[in-house]
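Shown next, in structure tokens, is the structure this report addresses.
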Amino acid sequence: MEVITASKVYKIISKIGLIEPSVLDAALKAAEEQNKDFTTFLIEQDLIKPEEIGQLIANNLHIKFVDLKKEKIPIEILMLLPEIVARKQKMLVFKRDQEGLKVAMSNPFDYDMIKMLEKKVGDKVVPYYATEYDVIQNFSLYRRSIQQEYATNIQKHAIAAQGAKVESISVVKLVDDLFSYAYTNHASDVHIEPGDKEIKIRFRIDGLLYDVLTLPKSILEVIVSRIKILAKLRTDESRSAQDGKIITTVEGEKVDVRVSIIPTIHGEKVVMRLLSSKGQQFSLEDLGMVAHDLEIVTKAADRPYGMILSTGPTGSGKTTTLYALIKLLNKRDVNICTIEDPVEYDLEGINQIQVNPKTNLTFAEGLRSLLRQDPDIIMVGEIRDEETASIAVNSAMTGHLVLSTLHTNDAATALPRLLDMKIEPFLVASTVNIIIAQRLVRRICMKCIVSYTLSSKEVEELKKEIDVSKFLSLKDMAELRFYKGKGCDSCNQSGYTGRLGIFEVLEVEDNIRELISARTNADQIRKVAIGNGMTTMFEDGLNKAIAGKTTLEEIFRVTKQ
């Protein structure tokens, strides 16, 4: 079976001199080092257009070529080839006519696959060449077809639900499809927002809110009532805020849904946070922590007592980082207890307590109770007040490892914040092991990533923010390459897909302890920590931007806001 190899593509391009020989050589070497398809690498680096290289290869090998972005692929034709097979074989069905079934293939010489497909569909298969890049870009059509189906079903059920009872099939299906639609879009939150005449449904995806649906206002009451029933909330109460929890299954996976309902002038507004079991599987490396910081965190976690603090604003991934740490520490020979509000993930082998103000189970009271449970490791969801801070610090002082979060902008500010909570400086200095500050940035979509260089003005702006020479061996700053996503169907034209963390890890060393005892301000602590080798969040972000994981704009967005 003939294969379109990197060397074959190299010879084809070399023959016509479309790319400078030295650039082509460097690209081939880089593609091999990164274990990437050569044509895909050339396209992603903006060295050649997908349709140009596709047509070039097809002409040289005397095979038919298709530019998939010019094709309008019907869903029923696309679905003739299951998504799992399409992804594995890097092929896509795009048309059916009198000639037969037309299939775009990154390797149209795979005759065994062609015969197998002919047998499956009972029709002649006509192979066309398409670059691997183009085929992969269009796999998002499968996801979009599912999403369109959900959107259509929700609108259909919404019409049927008007005037129906809460228990009716239409209302039940509408809410179920809403969960599924959010899940397939990788949404972290669902907002159901009543207006004067309609309901807006918005999803938070990768940290940003998007309008996704508009539903008739007449069905607001039945939707909210159905959600209240699932979350075990009072259906007869509509004038006060309520919080609850739903456990559901989407595509075979358990999903915890945190529900918050508040009254507004146009009716009750619902916000639901989706927490899938996939969130439990993250390690600190998966979250984006680099080896140097990971070593410091692991060393602190290995200590039998003391305090590890995670800081940052709401939605910066603090709790996820603590869960990743607990996963690291979760062994049968230790007793781990948590007090949380809410309990975001059920962790096997961990004793988890949910804060409940109605029964006076606050963070402080829960922490007192946990100390009578013979714990080795305690996680306090958040240090909100002086009482909780005092108990947490004293627990760390008396032989427990305590993990918790604080709302501060950076790592250094957490230390004076504890002093503001009336904790004695010597207690802070002797109990806090490390402070992890973090933000979440959006990852560049790998299916439409391109590189670029900064203008001279942008270089000067960057130099004002940071000593770039710390990161670069390049003499000429103009050679520095950054990356961004052009936008494609796979990332909904945003240029981003998924998120990762940027971190700064402040290790409390002897010179930091002296500053804490002297009640030194956060700026001075920060300077000494940087002198000790701490990488700031901006520096960590810049490194990740240079590595092509995120964009420079994202780093400025989350660190300079």
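Residue numbering restarts at 1 in every chain; chains get A, B, ... in the order shown in the structure tokens, and ligands count up from 1 in that same order.
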
Secondary structure check, strand (DSSP E or B) residues of stretch 7-230 of chain A, as a PyMOL selection string: chain A and resi 65+91-97+100-105+125-129+189-194+198-205+208-216

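Residues in contact with A:Asn330 at 9 Å, where only C-alpha atoms are counted and same-chain residues fewer than 6 positions away are skipped, are listed as A:Ile336, A:Gly349, A:Ile350.
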
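For stretch 379-434 of chain A, backbone-based DSSP labels the following residues as helix (DSSP H, G or I): Glu386, Glu387, Thr388, Ala389, Ser390, Ile391, Ala392, Val393, Asn394, Ser395, Ala396, Met397, Ala414, Leu415, Pro416, Arg417, Leu418, Leu419, Asp420, Pro425, Phe426, Leu427, Val428, Ala429, Ser430 and Thr431 of chain A.
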
Taking only C-alpha atoms into account, produce a table as JSON lines in which each residue of stretch 244-310 of chain A with an atom at most 9 Å from an atom of stretch 162-186 of chain A appears once, together with its shortest atom pair and the distance in Å to one decimal, ordered by chain and rising number.
```
{"residue": "A:Thr248", "atom": "CA", "partner": "A:Phe179", "partner_atom": "CA", "distance": 8.7}
{"residue": "A:Thr249", "atom": "CA", "partner": "A:Ser180", "partner_atom": "CA", "distance": 8.9}
{"residue": "A:Val250", "atom": "CA", "partner": "A:Ser180", "partner_atom": "CA", "distance": 5.9}
{"residue": "A:Glu251", "atom": "CA", "partner": "A:Ser180", "partner_atom": "CA", "distance": 7.8}
{"residue": "A:Leu274", "atom": "CA", "partner": "A:Tyr183", "partner_atom": "CA", "distance": 7.9}
{"residue": "A:Ser276", "atom": "CA", "partner": "A:Tyr183", "partner_atom": "CA", "distance": 8.8}
```

Preceding selection exported with C-alpha atoms as a PDB file, in the first residue's frame:
```pdb
ATOM      1  CA  THR A 248     -27.341  12.993  36.556  1.00  0.00           C
ATOM      2  CA  THR A 249     -25.751  10.887  33.824  1.00  0.00           C
ATOM      3  CA  VAL A 250     -24.773  12.293  30.435  1.00  0.00           C
ATOM      4  CA  GLU A 251     -23.328  10.037  27.712  1.00  0.00           C
ATOM      5  CA  LEU A 274     -21.622  21.082  35.768  1.00  0.00           C
ATOM      6  CA  SER A 276     -18.063  15.880  35.574  1.00  0.00           C
TER       7      SER A 276
END
```

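Candidate residues A:Lys29, A:Thr431, A:Leu480, A:Ile205 were compared for distance to A:Ala545, and the nearest is A:Leu480, using only C-alpha atoms.
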